[in-house]
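Heads up, data.cif below (mmCIF, C-alpha atoms):
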```cif
data_my_file
#
loop_
_atom_site.label_atom_id
_atom_site.label_comp_id
_atom_site.auth_asym_id
_atom_site.auth_seq_id
_atom_site.Cartn_x
_atom_site.Cartn_y
_atom_site.Cartn_z
CA VAL T 1 -4.96 -103.90 -151.80
CA ALA T 2 -2.22 -106.30 -152.94
CA ALA T 3 -1.89 -104.45 -156.23
CA ARG T 4 -1.67 -101.07 -154.53
CA THR T 5 0.91 -102.33 -152.05
CA ALA T 6 3.05 -103.86 -154.77
CA THR T 7 2.84 -100.67 -156.84
CA ALA T 8 3.81 -98.51 -153.87
CA ALA T 9 6.75 -100.73 -153.04
CA THR T 10 7.92 -100.79 -156.65
CA SER T 11 7.48 -97.03 -157.12
CA GLY T 12 9.46 -96.24 -153.99
CA GLY T 13 12.21 -98.61 -155.06
CA THR T 14 12.36 -97.14 -158.55
CA SER T 15 13.06 -93.62 -157.33
CA GLY T 16 15.71 -94.94 -154.98
CA THR T 17 17.27 -97.03 -157.72
CA ALA T 18 17.59 -94.04 -160.03
CA GLY T 19 19.77 -92.24 -157.49
CA THR T 20 21.90 -95.33 -156.89
CA ALA T 21 22.34 -96.05 -160.58
CA GLY T 22 24.52 -92.96 -160.90
CA THR T 23 26.99 -94.55 -158.50
CA GLY T 24 27.13 -97.81 -160.48
CA ALA T 25 25.15 -99.92 -157.98
CA GLY T 26 21.79 -99.76 -159.77
CA GLY T 27 21.58 -103.49 -160.54
CA GLY T 28 21.76 -104.49 -156.90
CA ALA T 29 19.19 -101.88 -155.90
CA VAL T 30 16.72 -103.08 -158.54
CA SER T 31 17.08 -106.65 -157.33
CA ALA T 32 16.55 -105.61 -153.71
CA THR T 33 13.50 -103.54 -154.66
CA SER T 34 11.99 -106.45 -156.58
CA ALA T 35 12.50 -108.79 -153.62
CA THR T 36 10.92 -106.24 -151.26
CA ALA T 37 7.89 -105.81 -153.52
CA THR T 38 7.45 -109.58 -153.83
CA ALA T 39 7.68 -110.06 -150.07
CA ALA T 40 5.18 -107.25 -149.45
CA LEU T 41 2.73 -108.70 -151.98
CA GLY T 42 3.02 -112.16 -150.45
CA ALA T 43 2.37 -110.79 -146.95
CA VAL T 44 -0.74 -108.90 -148.10
CA GLU T 45 -2.08 -111.95 -149.95
CA ALA T 46 -1.62 -114.10 -146.84
CA VAL T 47 -3.50 -111.58 -144.70
CA SER T 48 -6.25 -111.28 -147.32
CA LEU T 49 -6.67 -115.07 -147.53
CA GLU T 50 -6.87 -115.41 -143.75
CA ALA T 51 -9.43 -112.59 -143.57
CA SER T 52 -11.53 -114.27 -146.27
CA LEU T 53 -11.36 -117.61 -144.48
CA GLU T 54 -12.34 -115.99 -141.20
CA ALA T 55 -15.35 -114.31 -142.84
CA LEU T 56 -16.37 -117.63 -144.35
CA ARG T 57 -16.01 -119.38 -140.98
CA SER T 58 -18.27 -116.74 -139.44
CA CYS T 59 -20.94 -117.40 -142.10
CA GLN T 60 -20.56 -121.14 -141.55
CA ASP T 61 -20.99 -120.86 -137.77
CA ALA T 62 -23.89 -118.41 -138.01
CA THR T 63 -25.73 -120.63 -140.49
CA LEU T 64 -25.26 -123.74 -138.35
CA ARG T 65 -26.40 -121.95 -135.17
CA SER T 66 -29.51 -120.67 -136.92
CA LEU T 67 -30.44 -124.11 -138.23
CA GLN T 68 -29.88 -125.64 -134.79
CA LEU T 69 -31.87 -122.99 -132.91
CA ASP T 70 -34.78 -123.22 -135.32
CA SER T 71 -34.71 -127.04 -135.29
CA VAL T 72 -35.20 -126.96 -139.06
CA VAL T 73 -34.71 -130.70 -139.61
CA PRO T 74 -35.08 -132.39 -136.20
CA GLY T 75 -33.62 -135.87 -135.90
CA LEU T 76 -31.32 -135.50 -138.92
CA ARG T 77 -27.61 -134.81 -138.90
CA VAL T 78 -26.53 -131.61 -140.65
CA ASP T 79 -22.91 -130.81 -141.57
CA ILE T 80 -21.75 -127.50 -142.99
CA THR T 81 -18.37 -126.88 -144.62
CA GLY T 82 -17.00 -123.87 -146.47
CA ARG T 83 -14.47 -123.26 -149.20
CA LEU T 84 -12.91 -120.40 -151.14
CA LYS T 85 -12.68 -120.79 -154.91
CA SER T 86 -9.10 -120.84 -156.17
CA ALA T 87 -7.78 -117.64 -157.72
CA TYR T 88 -7.20 -119.43 -161.03
CA SER T 89 -10.74 -120.83 -161.22
CA THR T 90 -12.14 -117.42 -160.29
CA HIS T 91 -10.06 -115.75 -163.01
CA LEU T 92 -11.27 -118.23 -165.64
CA LYS T 93 -14.90 -117.66 -164.67
CA MET T 94 -14.51 -113.87 -164.75
CA ARG T 95 -12.98 -114.08 -168.21
CA ARG T 96 -15.47 -116.63 -169.53
CA LYS T 97 -18.53 -114.70 -168.33
CA ASN T 98 -16.98 -111.23 -168.71
CA ILE T 99 -17.88 -110.28 -165.15
CA SER T 100 -16.12 -108.55 -162.26
CA PHE T 101 -14.88 -110.32 -159.14
CA GLY T 102 -17.83 -108.99 -157.14
CA GLN T 103 -20.20 -110.72 -159.55
CA VAL T 104 -18.71 -114.20 -159.05
CA CYS T 105 -21.36 -115.92 -156.92
CA ASP T 106 -19.26 -118.94 -155.98
CA ALA T 107 -15.96 -117.27 -155.10
CA ARG T 108 -16.86 -118.57 -151.65
CA ALA T 109 -19.38 -121.26 -150.82
CA LEU T 110 -21.06 -123.17 -148.02
CA ARG T 111 -22.03 -126.81 -148.47
CA VAL T 112 -24.88 -128.12 -146.33
CA VAL T 113 -25.02 -131.92 -146.12
CA VAL T 114 -27.91 -133.68 -144.40
CA GLY T 115 -28.36 -137.29 -143.31
CA GLU T 116 -26.21 -140.39 -143.15
CA PRO T 117 -24.30 -142.47 -145.73
CA GLY T 118 -26.45 -144.77 -147.82
CA PRO T 119 -27.80 -145.46 -151.30
CA THR T 120 -28.36 -142.46 -153.56
CA PRO T 121 -30.30 -140.20 -153.35
CA GLY T 122 -30.83 -140.84 -149.62
CA THR T 123 -33.99 -141.43 -147.64
CA ALA T 124 -37.24 -139.66 -148.50
CA ASP T 125 -36.93 -137.60 -145.29
CA GLU T 126 -33.37 -136.56 -146.18
CA VAL T 127 -34.35 -135.48 -149.68
CA LYS T 128 -37.30 -133.50 -148.32
CA ALA T 129 -34.99 -131.94 -145.73
CA CYS T 130 -32.81 -130.49 -148.50
CA PHE T 131 -35.67 -128.27 -149.68
CA VAL T 132 -36.57 -127.33 -146.09
CA LEU T 133 -32.96 -126.34 -145.44
CA LEU T 134 -32.86 -124.32 -148.64
CA GLN T 135 -35.89 -122.32 -147.51
CA ALA T 136 -34.20 -121.73 -144.15
CA VAL T 137 -31.07 -120.44 -145.89
CA HIS T 138 -33.18 -118.05 -147.99
CA LYS T 139 -34.76 -116.71 -144.81
CA LEU T 140 -31.35 -116.20 -143.26
CA TYR T 141 -29.69 -114.61 -146.31
CA ARG T 142 -31.18 -112.68 -149.23
CA PRO T 143 -31.21 -114.90 -152.36
CA VAL T 144 -29.77 -113.63 -155.64
CA PRO T 145 -32.43 -113.71 -158.40
CA GLY T 146 -31.74 -116.19 -161.19
CA GLU T 147 -29.09 -118.11 -159.25
CA TYR T 148 -31.11 -121.14 -158.11
CA ASP T 149 -30.59 -124.59 -159.63
CA ASP T 150 -32.46 -127.76 -158.64
CA TYR T 151 -30.23 -130.67 -159.60
CA ILE T 152 -32.16 -133.00 -157.28
CA THR T 153 -35.36 -132.94 -159.30
CA LYS T 154 -33.38 -132.70 -162.55
CA PRO T 155 -29.95 -134.33 -162.02
CA LYS T 156 -27.04 -133.53 -164.34
CA ARG T 157 -26.25 -136.13 -166.99
CA SER T 158 -23.38 -137.31 -164.78
CA GLY T 159 -25.95 -138.20 -162.11
CA TYR T 160 -24.92 -135.28 -159.90
CA GLN T 161 -27.64 -134.14 -157.49
CA SER T 162 -27.74 -131.06 -155.26
CA LEU T 163 -29.54 -127.78 -154.72
CA HIS T 164 -27.53 -124.66 -155.59
CA THR T 165 -28.37 -121.10 -154.67
CA ALA T 166 -26.52 -117.82 -154.36
CA VAL T 167 -27.16 -115.39 -151.53
CA VAL T 168 -25.87 -112.11 -150.18
CA GLY T 169 -23.80 -112.85 -147.09
CA PRO T 170 -23.87 -110.84 -143.85
CA ASP T 171 -20.89 -108.79 -145.08
CA GLY T 172 -22.67 -107.87 -148.33
CA ALA T 173 -20.58 -110.18 -150.53
CA LEU T 174 -22.08 -112.94 -152.67
CA MET T 175 -21.89 -116.54 -151.50
CA GLU T 176 -22.99 -119.82 -153.04
CA VAL T 177 -24.81 -122.40 -150.90
CA GLN T 178 -25.13 -126.05 -151.91
CA VAL T 179 -27.59 -128.35 -150.14
CA ARG T 180 -27.56 -132.13 -150.61
CA THR T 181 -28.01 -135.43 -148.80
CA ARG T 182 -24.99 -137.35 -147.53
CA ALA T 183 -25.61 -140.00 -150.20
CA MET T 184 -25.63 -137.33 -152.94
CA HIS T 185 -22.48 -135.80 -151.49
CA ASP T 186 -20.62 -139.11 -151.42
CA ALA T 187 -21.65 -139.79 -155.03
CA ALA T 188 -20.45 -136.30 -156.03
CA GLU T 189 -17.10 -136.75 -154.30
CA PHE T 190 -16.30 -140.40 -154.95
CA GLY T 191 -18.96 -141.96 -157.21
CA ASN T 192 -20.02 -141.71 -160.84
CA ALA T 193 -21.05 -138.07 -160.37
CA ALA T 194 -17.59 -137.02 -159.14
CA HIS T 195 -16.51 -133.84 -160.90
CA TRP T 196 -13.10 -135.15 -161.93
CA LEU T 197 -14.62 -138.28 -163.46
CA TYR T 198 -17.27 -136.24 -165.25
CA LYS T 199 -14.64 -133.83 -166.58
CA ASP T 200 -12.40 -136.62 -167.86
CA ALA T 201 -15.30 -138.47 -169.43
CA PHE T 202 -16.83 -135.54 -171.31
CA THR T 203 -13.86 -133.30 -172.11
CA GLY T 204 -10.99 -135.76 -172.02
CA SER T 205 -8.93 -133.40 -169.87
CA SER T 206 -8.02 -132.76 -166.27
CA SER T 207 -6.06 -129.90 -164.78
CA SER T 208 -3.95 -132.14 -162.58
CA GLY T 209 -4.54 -135.70 -163.78
CA LYS T 210 -5.62 -136.57 -160.24
CA PRO T 211 -9.02 -136.97 -158.60
CA LYS T 212 -10.37 -133.47 -157.96
CA THR T 213 -12.47 -134.28 -154.94
CA SER T 214 -12.49 -130.82 -153.37
CA GLY T 215 -14.80 -129.45 -156.04
CA GLY T 216 -17.21 -132.38 -156.18
CA GLY T 217 -19.63 -132.59 -159.05
CA GLY T 218 -21.00 -129.17 -158.33
CA LYS T 219 -21.74 -126.24 -160.57
CA GLU T 220 -18.27 -124.88 -161.20
CA SER T 221 -17.47 -125.17 -157.54
CA GLY T 222 -13.74 -125.16 -158.19
CA GLY T 223 -10.85 -125.94 -155.89
CA GLY T 224 -9.68 -123.61 -153.15
CA ALA T 225 -9.08 -123.12 -149.50
CA GLY T 226 -11.46 -124.74 -147.04
CA ALA T 227 -12.94 -123.19 -143.93
CA GLY T 228 -12.67 -126.31 -141.81
CA ALA T 229 -14.80 -129.33 -141.12
CA GLY T 230 -18.52 -129.06 -140.68
CA ALA T 231 -20.33 -129.70 -137.46
CA GLY T 232 -23.32 -131.90 -136.88
CA ALA T 233 -26.65 -130.42 -135.92
#
```

Turn this file's structure into structure tokens for me.
Amino acid sequence: VAARTATAATSGGTSGTAGTAGTGAGGGAVSATSATATAALGAVEAVSLEASLEALRSCQDATLRSLQLDSVVPGLRVDITGRLKSAYSTHLKMRRKNISFGQVCDARALRVVVGEPGPTPGTADEVKACFVLLQAVHKLYRPVPGEYDDYITKPKRSGYQSLHTAVVGPDGALMEVQVRTRAMHDAAEFGNAAHWLYKDAFTGSSSSGKPKTSGGGGKESGGGAGAGAGAGA
């Protein structure tokens, strides 16, 4: 939509500029057209981002309500947050895997965190609850074949632990869901399994030189816009 809008704005300006150029004022018209196209593109992108965030918030709320109504893990706190992958990270993944945007499973994601802060990996009940919650998510949304990773049973070499799955959201678009205990989450965000520490340690590089806590230690979770704080169940 943004591309079409920008093209339309530019095309319209070009025809107008051609007529003005004959009068010697072409340079000013081109500049004005460029500014109009840029403003139009920015407005469309802002609307698109807000629409995407709103759709993600709807998925977040629907998932939380379902888990609460079904009393999936009674007695345990459940928090759900959402995030949109940054455009740059999405572009890199599309290029690296040679896939289209619609095939990027983690362009948007929900993170389900269960339990309370404590030593990793969390209590036995919290760890068990992760698998129960995963099953509940698969009942709520259709899972994508081949997109399930169990980093709880087999942690990454950084120590990162979580369950990752990809599902088809209620709007038909793909969505990643991560399920972990609070202890695993804290380790992924701030401990030895933090993504930015892992990246620095094994590749010697960082995109910003600062702690990248928004992505955690997850499977290419990437930075991006968040859909707000989670709510306890």

* Expanded to explicit residues, what is the PyMOL selection byres ((chain T and resi 106) around 8) for this file, as a list of chain:residue names? ->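 After applying the PyMOL selection byres ((chain T and resi 106) around 8), what remains is T:Lys85, T:Val104, T:Cys105, T:Ala107, T:Arg108, T:Ala109, T:Ala166, T:Leu174, T:Met175, T:Glu176, T:Glu220, T:Ser221.
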
* **Residues matched by the PyMOL selection byres ((chain T and resi 145-157) around 9), written as a VMD selection string** => chain T and resid 105 121 127 143 to 144 158 to 167 176 180 184 193

* Which value, in Å to one decimal, gives the distance between CA of Leu56 (chain T) and CA of Gly191 (chain T)? ->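 Going from CA of Leu56 (chain T) over to CA of Gly191 (chain T) covers 27.6 Å.
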
* How many Å lie between CA of Ser71 (chain T) and CA of Glu189 (chain T), rounded to one decimal? -> 27.7 Å

* To do: For the file shown, report as a list in words the outcome of the PyMOL selection byres ((chain T and resi 62) around 12) at residue level.
  =>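 The output of the PyMOL selection byres ((chain T and resi 62) around 12) on this file is Ala55, Leu56, Arg57, Ser58, Cys59, Gln60, Asp61, Thr63, Leu64, Arg65, Ser66, Leu67, Gln68, Leu69, Ile80, Leu110, Val137, Leu140, Tyr141, Gly169, Pro170 and Ala231 of chain T.
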
* Go ahead and compute the interatomic distance for CA of Gly82 (chain T) and CA of Met94 (chain T), in Å to one decimal. => 21.0 Å

* Counting only C-alpha atoms, note down every residue that has an atom within 8 Å of the point (-26.0, -142.1, -151.2) (file coordinates), as a list in words. =>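 Checking each residue against the 8 Å limit leaves Pro117, Gly118, Pro119, Thr120, Pro121, Gly122, Thr181, Arg182, Ala183, Met184, His185, Asp186 and Ala187 of chain T.
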
* To do: Go through T:Asp70, T:Asp79, T:Asp171, T:Glu116 one by one, measure the shortest atom-to-atom distance of each to Val132 (chain T) using all atoms listed in the file, and give the residue with the smallest value.
  =>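 Checking each candidate against Val132 (chain T), we get T:Asp70 as the closest.
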